[in-house]
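Trainee: Coordinates in final.txt, compact mmCIF, C-alpha atoms, are listed below.
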```txt
# COMPACT_ATOMS: atom_id res chain seq x y z
CA MET H 1 -19.42 -16.09 31.48
CA SER H 2 -17.44 -15.23 34.58
CA THR H 3 -17.19 -11.75 36.04
CA THR H 4 -13.45 -11.90 35.39
CA LEU H 5 -13.99 -12.21 31.65
CA TRP H 6 -16.48 -9.34 31.61
CA LEU H 7 -13.94 -7.25 33.51
CA LEU H 8 -11.40 -8.21 30.86
CA VAL H 9 -13.75 -7.05 28.09
CA GLY H 10 -14.39 -3.76 29.89
CA GLY H 11 -10.75 -3.22 30.76
CA MET H 12 -9.57 -3.91 27.22
CA ALA H 13 -12.24 -1.63 25.76
CA LEU H 14 -11.17 1.15 28.12
CA MET H 15 -7.46 0.67 27.42
CA GLY H 16 -8.12 0.60 23.68
CA VAL H 17 -9.99 3.90 23.82
CA VAL H 18 -7.28 5.46 25.99
CA MET H 19 -4.42 4.26 23.78
CA LYS H 20 -6.06 5.53 20.60
CA ALA H 21 -7.20 8.82 22.12
CA ALA H 22 -4.01 9.62 24.04
CA GLY H 23 -2.03 10.91 21.08
CA PRO H 24 -4.72 13.07 19.46
CA VAL H 25 -5.93 14.51 22.81
CA ALA H 26 -3.05 14.80 25.25
CA LEU H 27 -0.06 15.14 22.98
CA GLY H 28 -1.74 16.75 20.01
CA GLY H 29 0.84 17.55 17.39
CA ARG H 30 3.75 17.26 19.80
CA GLU H 31 6.03 14.28 19.53
CA LEU H 32 7.18 11.84 22.21
CA PRO H 33 10.61 12.41 23.77
CA PRO H 34 13.09 10.72 21.44
CA TRP H 35 14.17 8.15 24.05
CA LEU H 36 10.57 7.03 24.66
CA ALA H 37 9.58 7.14 21.00
CA GLY H 38 12.46 4.82 20.21
CA VAL H 39 11.26 2.25 22.75
CA VAL H 40 7.58 2.49 21.79
CA GLY H 41 8.49 2.14 18.13
CA LEU H 42 10.18 -1.17 18.79
CA LEU H 43 7.45 -2.68 20.99
CA ALA H 44 5.48 -4.04 18.07
CA PRO H 45 8.22 -6.26 16.55
CA ALA H 46 9.23 -7.55 20.00
CA LEU H 47 5.69 -8.42 21.05
CA LEU H 48 4.55 -9.79 17.71
CA ALA H 49 7.60 -12.06 17.46
CA ALA H 50 6.94 -13.30 21.00
CA LEU H 51 3.28 -13.97 20.23
CA VAL H 52 4.16 -15.97 17.13
CA MET H 53 6.76 -18.01 19.00
CA THR H 54 4.62 -18.79 22.04
CA GLN H 55 1.61 -19.70 19.93
CA LEU H 56 3.57 -22.04 17.70
CA PHE H 57 6.24 -23.53 19.94
CA GLY H 58 5.35 -22.83 23.56
CA LYS H 59 1.86 -24.18 24.09
CA ASN H 60 0.79 -25.31 27.57
CA GLY H 61 4.22 -24.78 29.06
CA HIS H 62 6.01 -27.15 26.70
CA LEU H 63 8.22 -26.47 23.70
CA GLY H 64 7.28 -28.42 20.59
CA ILE H 65 6.61 -28.29 16.85
CA GLY H 66 3.31 -29.19 15.20
CA ALA H 67 1.62 -28.98 11.83
CA ASP H 68 0.64 -25.36 12.50
CA ALA H 69 4.32 -24.39 12.74
CA VAL H 70 4.93 -25.85 9.28
CA GLY H 71 1.86 -24.11 7.91
CA VAL H 72 2.85 -20.73 9.36
CA ALA H 73 6.41 -21.21 8.06
CA CYS H 74 4.91 -21.62 4.58
CA ALA H 75 2.91 -18.44 5.16
CA GLY H 76 6.18 -16.75 6.09
CA ILE H 77 7.56 -17.66 2.67
CA VAL H 78 4.47 -16.11 1.06
CA PHE H 79 4.90 -12.89 3.07
CA TRP H 80 8.64 -12.81 2.35
CA ARG H 81 7.89 -13.08 -1.38
CA GLY H 82 5.51 -10.14 -1.10
CA GLY H 83 2.26 -12.13 -1.10
CA SER H 84 -0.91 -10.75 0.46
CA VAL H 85 -2.01 -11.36 4.01
CA LEU H 86 -5.06 -13.28 2.80
CA VAL H 87 -3.01 -15.62 0.59
CA GLY H 88 -0.44 -16.22 3.33
CA VAL H 89 -3.08 -16.98 5.94
CA LEU H 90 -4.86 -19.29 3.50
CA VAL H 91 -1.61 -21.15 2.79
CA ALA H 92 -1.00 -21.56 6.53
CA VAL H 93 -4.46 -23.02 7.06
CA VAL H 94 -4.38 -25.35 4.04
CA VAL H 95 -0.90 -26.70 4.81
CA THR H 96 -1.75 -27.19 8.48
CA ALA H 97 -5.03 -28.97 7.72
CA GLY H 98 -3.39 -31.07 4.99
CA LEU H 99 -0.59 -32.21 7.27
CA ARG H 100 -3.04 -33.14 9.99
CA MET H 101 -5.07 -35.15 7.51
CA LEU H 102 -2.00 -37.01 6.24
CA LEU H 103 0.10 -37.29 9.40
CA PRO H 104 -0.73 -37.75 13.09
CA ILE H 105 0.84 -34.40 14.16
CA MET P 1 -0.44 3.92 -1.88
CA PRO P 2 -4.24 4.30 -1.94
CA GLY P 3 -4.16 7.36 0.31
CA ASP P 4 -1.71 9.30 -1.85
CA ASP P 5 -4.20 11.37 -3.84
CA GLN P 6 -4.22 14.64 -1.88
CA ASP P 7 -6.71 16.45 -4.12
CA ARG P 8 -9.67 14.08 -3.83
CA PRO P 9 -12.99 15.56 -2.68
CA PRO P 10 -13.99 14.35 0.81
CA ARG P 11 -16.65 11.88 -0.31
CA ALA P 12 -14.28 10.37 -2.88
CA SER P 13 -11.64 9.97 -0.16
CA PHE P 14 -14.08 8.11 2.04
CA TRP P 15 -15.14 5.69 -0.69
CA ALA P 16 -11.56 5.17 -1.83
CA GLY P 17 -10.90 4.12 1.74
CA VAL P 18 -13.84 1.74 1.69
CA ARG P 19 -12.51 0.09 -1.47
CA ALA P 20 -8.99 -0.16 -0.06
CA GLY P 21 -10.23 -1.56 3.25
CA THR P 22 -12.52 -4.22 1.83
CA PRO P 23 -9.83 -6.88 1.18
CA TYR P 24 -8.63 -6.42 4.75
CA ALA P 25 -12.23 -6.76 5.92
CA LEU P 26 -12.45 -10.17 4.25
CA ALA P 27 -9.25 -11.32 5.96
CA ASN P 28 -10.51 -9.86 9.23
CA SER P 29 -13.77 -11.77 9.02
CA VAL P 30 -11.94 -15.09 8.66
CA VAL P 31 -9.61 -14.32 11.54
CA SER P 32 -12.41 -13.02 13.76
CA LEU P 33 -14.48 -16.13 13.03
CA SER P 34 -11.61 -18.05 14.57
CA PHE P 35 -11.56 -15.59 17.47
CA GLY P 36 -15.27 -16.15 18.09
CA VAL P 37 -14.85 -19.91 18.14
CA LEU P 38 -11.76 -19.88 20.35
CA ALA P 39 -13.24 -17.32 22.74
CA VAL P 40 -16.28 -19.49 23.38
CA GLN P 41 -14.00 -22.50 23.87
CA ALA P 42 -11.97 -20.46 26.37
CA GLY P 43 -15.06 -19.72 28.49
CA PHE P 44 -16.55 -16.58 26.94
CA SER P 45 -20.27 -16.51 26.22
CA ALA P 46 -21.22 -15.73 22.61
CA ILE P 47 -22.42 -12.30 23.75
CA GLY P 48 -19.16 -11.75 25.62
CA ALA P 49 -17.04 -12.65 22.58
CA ILE P 50 -19.13 -10.41 20.32
CA ALA P 51 -19.00 -7.59 22.88
CA MET P 52 -15.22 -7.80 23.00
CA SER P 53 -14.92 -7.57 19.21
CA ALA P 54 -17.44 -4.73 19.02
CA LEU P 55 -15.91 -2.72 21.88
CA VAL P 56 -12.22 -3.52 21.55
CA PHE P 57 -11.86 -4.08 17.76
CA ALA P 58 -8.19 -4.97 17.95
CA GLY P 59 -7.33 -8.44 16.72
CA SER P 60 -3.81 -8.71 18.07
CA ALA P 61 -4.80 -7.47 21.53
CA GLN P 62 -7.87 -9.72 21.63
CA PHE P 63 -5.89 -12.80 20.63
CA ALA P 64 -3.14 -11.91 23.10
CA ALA P 65 -5.65 -11.74 25.96
CA LEU P 66 -7.41 -14.88 24.75
CA ALA P 67 -4.13 -16.80 24.60
CA VAL P 68 -3.41 -15.90 28.22
CA ILE P 69 -6.92 -16.85 29.38
CA ALA P 70 -6.94 -20.10 27.39
CA GLN P 71 -3.68 -21.11 29.04
CA GLY P 72 -5.02 -20.45 32.54
CA GLY P 73 -3.67 -16.94 33.06
CA GLY P 74 -5.45 -14.34 35.20
CA LEU P 75 -7.07 -10.99 34.53
CA PRO P 76 -4.01 -8.82 35.33
CA THR P 77 -1.76 -10.82 33.02
CA ALA P 78 -4.30 -10.93 30.19
CA LEU P 79 -5.03 -7.21 30.49
CA SER P 80 -1.34 -6.36 30.68
CA ALA P 81 -0.55 -8.42 27.58
CA ALA P 82 -3.40 -6.81 25.65
CA THR P 83 -2.40 -3.33 26.78
CA LEU P 84 1.20 -3.84 25.72
CA VAL P 85 0.05 -5.05 22.31
CA HIS P 86 -2.31 -2.07 22.19
CA SER P 87 0.51 0.35 23.00
CA ARG P 88 1.53 0.68 19.38
CA TYR P 89 -1.54 2.89 18.93
CA LEU P 90 0.24 5.56 20.98
CA PRO P 91 2.79 6.51 18.30
CA MET P 92 0.16 5.96 15.59
CA GLY P 93 -2.14 8.42 17.37
CA ILE P 94 0.66 10.93 17.74
CA GLY P 95 1.39 10.70 14.03
CA LEU P 96 -2.28 11.15 13.17
CA ALA P 97 -2.93 13.99 15.64
CA PRO P 98 -1.99 16.97 13.41
CA SER P 99 -4.49 15.73 10.80
CA LEU P 100 -7.47 15.66 13.17
CA PRO P 101 -9.54 18.84 13.52
CA GLY P 102 -11.66 20.12 16.41
CA GLY P 103 -11.47 19.93 20.19
CA PRO P 104 -10.20 17.14 22.44
CA LEU P 105 -13.44 15.12 22.43
CA ARG P 106 -13.78 15.12 18.66
CA ARG P 107 -10.11 14.25 18.24
CA ALA P 108 -10.48 11.42 20.76
CA VAL P 109 -13.49 10.00 18.91
CA GLU P 110 -11.88 10.29 15.48
CA GLY P 111 -8.71 8.69 16.82
CA GLN P 112 -10.69 5.51 17.49
CA ALA P 113 -10.72 4.84 13.75
CA VAL P 114 -7.04 3.87 13.83
CA VAL P 115 -6.27 0.26 12.98
CA ASP P 116 -2.97 -0.92 11.55
CA ALA P 117 -3.85 -1.26 7.87
CA SER P 118 -6.01 1.88 7.72
CA TRP P 119 -3.38 3.97 9.47
CA ALA P 120 -0.70 2.83 7.02
CA MET P 121 -2.89 3.32 3.93
CA ALA P 122 -4.15 6.76 5.00
CA ASN P 123 -0.58 8.07 5.38
CA ARG P 124 -0.03 10.61 2.60
CA GLY P 125 3.72 10.50 3.06
CA ASP P 126 4.11 14.21 3.86
CA GLY P 127 3.50 13.95 7.59
CA ARG P 128 -0.28 14.26 7.12
CA PHE P 129 -3.06 11.68 7.00
CA ASP P 130 -6.22 11.54 4.90
CA ARG P 131 -8.68 11.19 7.78
CA LEU P 132 -11.72 10.49 5.58
CA PHE P 133 -9.78 7.78 3.78
CA LEU P 134 -8.92 6.41 7.24
CA PHE P 135 -12.60 6.35 8.25
CA GLY P 136 -13.61 4.71 4.96
CA SER P 137 -10.94 2.04 5.24
CA THR P 138 -11.75 1.20 8.85
CA ALA P 139 -15.54 0.95 8.36
CA PRO P 140 -15.61 -2.33 6.36
CA GLN P 141 -12.88 -3.77 8.57
CA TYR P 142 -15.01 -3.15 11.63
CA ILE P 143 -18.05 -4.74 10.00
CA GLY P 144 -16.00 -7.74 8.90
CA TRP P 145 -14.43 -8.13 12.33
CA VAL P 146 -17.71 -8.09 14.24
CA THR P 147 -19.58 -10.21 11.66
CA GLY P 148 -16.92 -12.90 11.71
CA THR P 149 -17.00 -12.97 15.48
CA VAL P 150 -20.78 -13.37 15.50
CA VAL P 151 -20.59 -16.34 13.12
CA GLY P 152 -17.73 -17.96 15.02
CA ALA P 153 -19.24 -17.42 18.45
CA VAL P 154 -22.74 -18.57 17.51
CA ALA P 155 -21.97 -21.38 15.05
CA GLY P 156 -18.65 -22.46 16.50
CA ALA P 157 -20.09 -25.50 18.22
CA ALA P 158 -21.39 -26.79 14.87
CA LEU P 159 -17.91 -26.46 13.39
CA GLY P 160 -16.50 -28.86 16.00
CA ASP P 161 -12.76 -29.17 16.50
CA LEU P 162 -11.27 -26.31 14.51
CA ASP P 163 -7.78 -27.76 14.70
CA ARG P 164 -8.65 -30.28 11.97
CA PHE P 165 -9.38 -27.34 9.63
CA GLY P 166 -6.02 -25.80 10.48
CA LEU P 167 -7.74 -22.66 11.80
CA ASP P 168 -5.42 -22.56 14.80
CA ALA P 169 -2.75 -21.47 12.29
CA LEU P 170 -4.75 -18.30 11.51
CA PHE P 171 -3.69 -16.48 14.64
CA PRO P 172 0.09 -16.92 14.40
CA ALA P 173 -0.04 -16.45 10.61
CA PHE P 174 -1.90 -13.17 11.07
CA PHE P 175 0.67 -12.00 13.62
CA LEU P 176 3.48 -13.12 11.33
CA ALA P 177 2.02 -10.93 8.57
CA LEU P 178 1.95 -7.95 10.95
CA LEU P 179 5.48 -8.80 12.06
CA PHE P 180 6.80 -8.85 8.48
CA ALA P 181 5.46 -5.33 8.04
CA GLU P 182 7.53 -4.27 11.07
CA LEU P 183 10.83 -5.71 9.84
CA ARG P 184 11.86 -3.03 7.39
CA HIS P 185 14.86 -1.95 9.46
CA ARG P 186 17.78 -3.96 10.80
CA ARG P 187 17.11 -2.77 14.36
CA SER P 188 13.52 -4.05 14.19
CA ARG P 189 14.74 -7.43 12.97
CA VAL P 190 17.24 -7.69 15.83
CA VAL P 191 14.59 -6.68 18.38
CA ALA P 192 12.16 -9.25 16.95
CA LEU P 193 14.82 -11.97 17.23
CA VAL P 194 15.63 -11.02 20.83
CA GLY P 195 11.93 -10.83 21.73
CA ALA P 196 11.33 -14.26 20.20
CA ALA P 197 14.31 -15.70 22.08
CA ILE P 198 13.13 -14.27 25.41
CA ALA P 199 9.64 -15.66 24.89
CA LEU P 200 10.87 -19.10 23.90
CA ALA P 201 13.33 -19.25 26.79
CA LEU P 202 10.61 -18.41 29.33
CA ALA P 203 7.74 -20.40 27.81
CA PRO P 204 8.47 -23.71 29.58
CA PHE P 205 8.87 -22.09 33.02
CA ALA P 206 7.02 -18.77 33.34
CA PRO P 207 3.29 -18.27 34.02
CA PRO P 208 1.08 -17.80 30.93
CA GLY P 209 1.43 -14.37 29.39
CA VAL P 210 4.69 -13.53 31.13
CA PRO P 211 6.93 -14.65 28.21
CA VAL P 212 5.19 -12.17 25.92
CA LEU P 213 5.35 -9.39 28.49
CA ALA P 214 9.03 -10.10 29.16
CA ALA P 215 9.75 -9.99 25.43
CA SER P 216 8.85 -6.31 25.48
CA LEU P 217 12.19 -5.73 27.24
CA ALA P 218 13.79 -6.24 23.84
CA ALA P 219 12.29 -2.87 22.83
CA LEU P 220 14.67 -1.18 25.30
CA ALA P 221 17.11 -1.30 22.41
CA GLY P 222 15.24 1.83 21.36
CA LEU P 223 17.06 3.71 24.14
CA ARG P 224 20.18 3.60 21.99
CA ARG P 225 20.51 5.96 19.09
CA PRO P 226 20.57 4.23 15.70
CA THR P 227 24.09 3.90 14.34
CA ALA P 228 23.00 4.02 10.69
```
Please express what this file holds, its structure, as structure tokens.

Mentor:
Amino acid sequence: MSTTLWLLVGGMALMGVVMKAAGPVALGGRELPPWLAGVVGLLAPALLAALVMTQLFGKNGHLGIGADAVGVACAGIVFWRGGSVLVGVLVAVVVTAGLRMLLPI
Amino acid sequence: MPGDDQDRPPRASFWAGVRAGTPYALANSVVSLSFGVLAVQAGFSAIGAIAMSALVFAGSAQFAALAVIAQGGGLPTALSAATLVHSRYLPMGIGLAPSLPGGPLRRAVEGQAVVDASWAMANRGDGRFDRLFLFGSTAPQYIGWVTGTVVGAVAGAALGDLDRFGLDALFPAFFLALLFAELRHRRSRVVALVGAAIALALAPFAPPGVPVLAASLAALAGLRRPTA
């Protein structure tokens, strides 16, 4: 494994520790300034939506739709109906694998 | 919510957390198996993939970095993407802080137990967290995450092309589940839509990882005060 990937492992481990420790250590019981808290609070939906989109539709610099997009859309229906994470993920996998078995996509 | 019982003795809180965290541990093990396989395919050694899961223990950040590396991105981009995904632990840590006893070092160590599901389940709803419930819930999730990675990284070659099993859908489905949990408010839904649009618009042109980083600009909507 390249040095770059080991640096990535070390860097991510360090950042993870810092991110999780920052609140309890540096800020203690104090809260973030309201303007910053508002931005931080909205990072998760922005980033998660982007990750879903790029993984499903933006692979290798091209926009396209494959069996995995259909499978994950079915998982979305499960989540929307209040189903568990495990069931939704299982539905995504089964639908994706089934489509690939039946169709050349 | 499993963490609601405020009068439990400490040991009971811990084991209640273990029971609540076990289903998430099972899901984690499946997802981390996929991570182990994909990490090796992306150029990680089995030890490297296992080390990342053991030391980082953050699925969304690990997959974010892996996606960048697998698409040819460099260390700064991969680390930046992972750090941005990791940044949600900042407000979680701030929320947890008043419930952690002791000095800075002990608080820093105990803060490492935060993962999304545990943090949410340990919330007692009165501004305090059941820290022993948090520890109990995180413990099986950590075991499941590392164990799945070991199996995926070591036996991945025997599994062959994972795409035929549909396992490449695990990652976006897992993120979609996390995303659904974030969409309780209208503002979050708007930000998610804008973030998705930014990422899709940049995907065909921008270097790997940049579309996700750029999507974080959508969170600047948080600078405006909510109207509702």

Trainee: Tell me the residues of chain P close to chain H, meaning within 6 Å using all atoms listed in the file, as a PyMOL selection string.

Mentor: chain P and resi 27+44-45+52+55-56+89-90+93-94+97-98+104+107-108+111-112+164-167+169-170+172-173+179+182+191-192+195-196+199+203-204+212+215-216+219-220+222-223

Trainee: Which residue out of P:Asp116, P:Asp168, P:Asp130, P:Asp163 has the minimum interatomic distance to Ala58 of chain P when all atoms listed in the file are used?

Mentor: P:Asp116

Trainee: Tell me, in Å to one decimal, how far atom CA of Ala155 of chain P is from atom CA of Ala78 of chain P.

Mentor: 25.5 Å

Trainee: Go ahead and compute the interatomic distance for atom CA of Arg184 of chain P and atom CA of Ala25 of chain P, in Å to one decimal.

Mentor: 24.4 Å

Trainee: Find the distance between atom CA of Val18 of chain P and atom CA of Ser137 of chain P and write it in Å to one decimal.

Mentor: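 A separation of 4.6 Å between them.
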
Trainee: Padding 8 Å on every side, please: axis-aligned box over the listed atoms of segment 82-87 of chain P, centre and edge lengths to one decimal in Å, as AutoDock Vina command-line options.

Mentor:
```
--center_x -1.1 --center_y -3.2 --center_z 24.5 --size_x 20.6 --size_y 23.2 --size_z 20.6
```

Trainee: Thr138 of chain P: which residues within 7 Å, counting only C-alpha atoms, same-chain residues fewer than 2 positions away excluded, as number ranges by chain?

Mentor: P: 21, 113, 115, 118, 134-136, 140-142

Trainee: From the options P:Ala70, P:Val31, P:Leu96, P:Ala65, which residue's atoms come nearest to Leu84 of chain P, counting all atoms listed in the file?

Mentor: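 For Leu84 of chain P, the nearest of the candidates is P:Ala65.
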
Trainee: Out of P:Pro23, P:Gly95, P:Gly36, P:Gly74, which residue has the shortest atom-to-atom distance to Phe129 of chain P when counting all atoms listed in the file?

Mentor: P:Gly95

Trainee: As a compact mmCIF listing (two decimals), keeping the file's coordinate frame, please: segment 148-178 of chain P completed to N, CA and C atoms.

Mentor:
```txt
# COMPACT_ATOMS: atom_id res chain seq x y z
N GLY P 148 -17.64 -11.63 11.57
CA GLY P 148 -16.92 -12.90 11.71
C GLY P 148 -17.01 -13.45 13.12
N THR P 149 -16.90 -12.54 14.09
CA THR P 149 -17.00 -12.97 15.48
C THR P 149 -18.38 -13.54 15.79
N VAL P 150 -19.42 -12.89 15.27
CA VAL P 150 -20.78 -13.37 15.50
C VAL P 150 -20.92 -14.80 14.96
N VAL P 151 -20.47 -15.02 13.73
CA VAL P 151 -20.59 -16.34 13.12
C VAL P 151 -19.80 -17.37 13.93
N GLY P 152 -18.57 -17.02 14.28
CA GLY P 152 -17.73 -17.96 15.02
C GLY P 152 -18.28 -18.27 16.40
N ALA P 153 -18.76 -17.23 17.08
CA ALA P 153 -19.24 -17.42 18.45
C ALA P 153 -20.56 -18.19 18.49
N VAL P 154 -21.41 -17.94 17.52
CA VAL P 154 -22.74 -18.57 17.51
C VAL P 154 -22.70 -19.96 16.89
N ALA P 155 -21.97 -20.10 15.77
CA ALA P 155 -21.97 -21.38 15.05
C ALA P 155 -20.73 -22.21 15.33
N GLY P 156 -19.90 -21.75 16.24
CA GLY P 156 -18.65 -22.46 16.50
C GLY P 156 -18.84 -23.90 16.92
N ALA P 157 -19.86 -24.14 17.74
CA ALA P 157 -20.09 -25.50 18.22
C ALA P 157 -20.37 -26.45 17.05
N ALA P 158 -21.07 -25.95 16.02
CA ALA P 158 -21.39 -26.79 14.87
C ALA P 158 -20.14 -27.11 14.05
N LEU P 159 -19.14 -26.23 14.15
CA LEU P 159 -17.91 -26.46 13.39
C LEU P 159 -17.04 -27.53 14.03
N GLY P 160 -17.27 -27.82 15.32
CA GLY P 160 -16.50 -28.86 16.00
C GLY P 160 -15.07 -28.43 16.25
N ASP P 161 -14.17 -29.42 16.23
CA ASP P 161 -12.76 -29.17 16.50
C ASP P 161 -12.12 -28.41 15.35
N LEU P 162 -11.80 -27.14 15.59
CA LEU P 162 -11.27 -26.31 14.51
C LEU P 162 -9.85 -26.70 14.11
N ASP P 163 -9.16 -27.40 15.00
CA ASP P 163 -7.78 -27.76 14.70
C ASP P 163 -7.70 -28.60 13.42
N ARG P 164 -8.72 -29.43 13.16
CA ARG P 164 -8.65 -30.28 11.97
C ARG P 164 -8.76 -29.45 10.69
N PHE P 165 -9.33 -28.24 10.79
CA PHE P 165 -9.38 -27.34 9.63
C PHE P 165 -8.12 -26.47 9.53
N GLY P 166 -7.24 -26.61 10.48
CA GLY P 166 -6.02 -25.80 10.48
C GLY P 166 -6.25 -24.36 10.89
N LEU P 167 -7.42 -24.06 11.46
CA LEU P 167 -7.74 -22.66 11.80
C LEU P 167 -6.91 -22.14 12.96
N ASP P 168 -6.29 -23.04 13.73
CA ASP P 168 -5.42 -22.56 14.80
C ASP P 168 -4.16 -21.91 14.24
N ALA P 169 -3.90 -22.13 12.93
CA ALA P 169 -2.75 -21.47 12.29
C ALA P 169 -3.07 -20.03 11.90
N LEU P 170 -4.36 -19.66 11.91
CA LEU P 170 -4.75 -18.30 11.51
C LEU P 170 -4.09 -17.24 12.38
N PHE P 171 -4.17 -17.46 13.67
CA PHE P 171 -3.69 -16.48 14.64
C PHE P 171 -2.21 -16.20 14.48
N PRO P 172 -1.34 -17.22 14.58
CA PRO P 172 0.09 -16.92 14.40
C PRO P 172 0.42 -16.45 12.98
N ALA P 173 -0.32 -16.92 11.98
CA ALA P 173 -0.04 -16.45 10.61
C ALA P 173 -0.39 -14.97 10.48
N PHE P 174 -1.49 -14.57 11.10
CA PHE P 174 -1.90 -13.17 11.07
C PHE P 174 -0.84 -12.30 11.77
N PHE P 175 -0.36 -12.76 12.92
CA PHE P 175 0.67 -12.00 13.62
C PHE P 175 1.97 -11.97 12.81
N LEU P 176 2.26 -13.08 12.14
CA LEU P 176 3.48 -13.12 11.33
C LEU P 176 3.40 -12.09 10.20
N ALA P 177 2.20 -11.94 9.62
CA ALA P 177 2.02 -10.93 8.57
C ALA P 177 2.27 -9.53 9.12
N LEU P 178 1.71 -9.26 10.31
CA LEU P 178 1.95 -7.95 10.95
C LEU P 178 3.43 -7.77 11.27
```
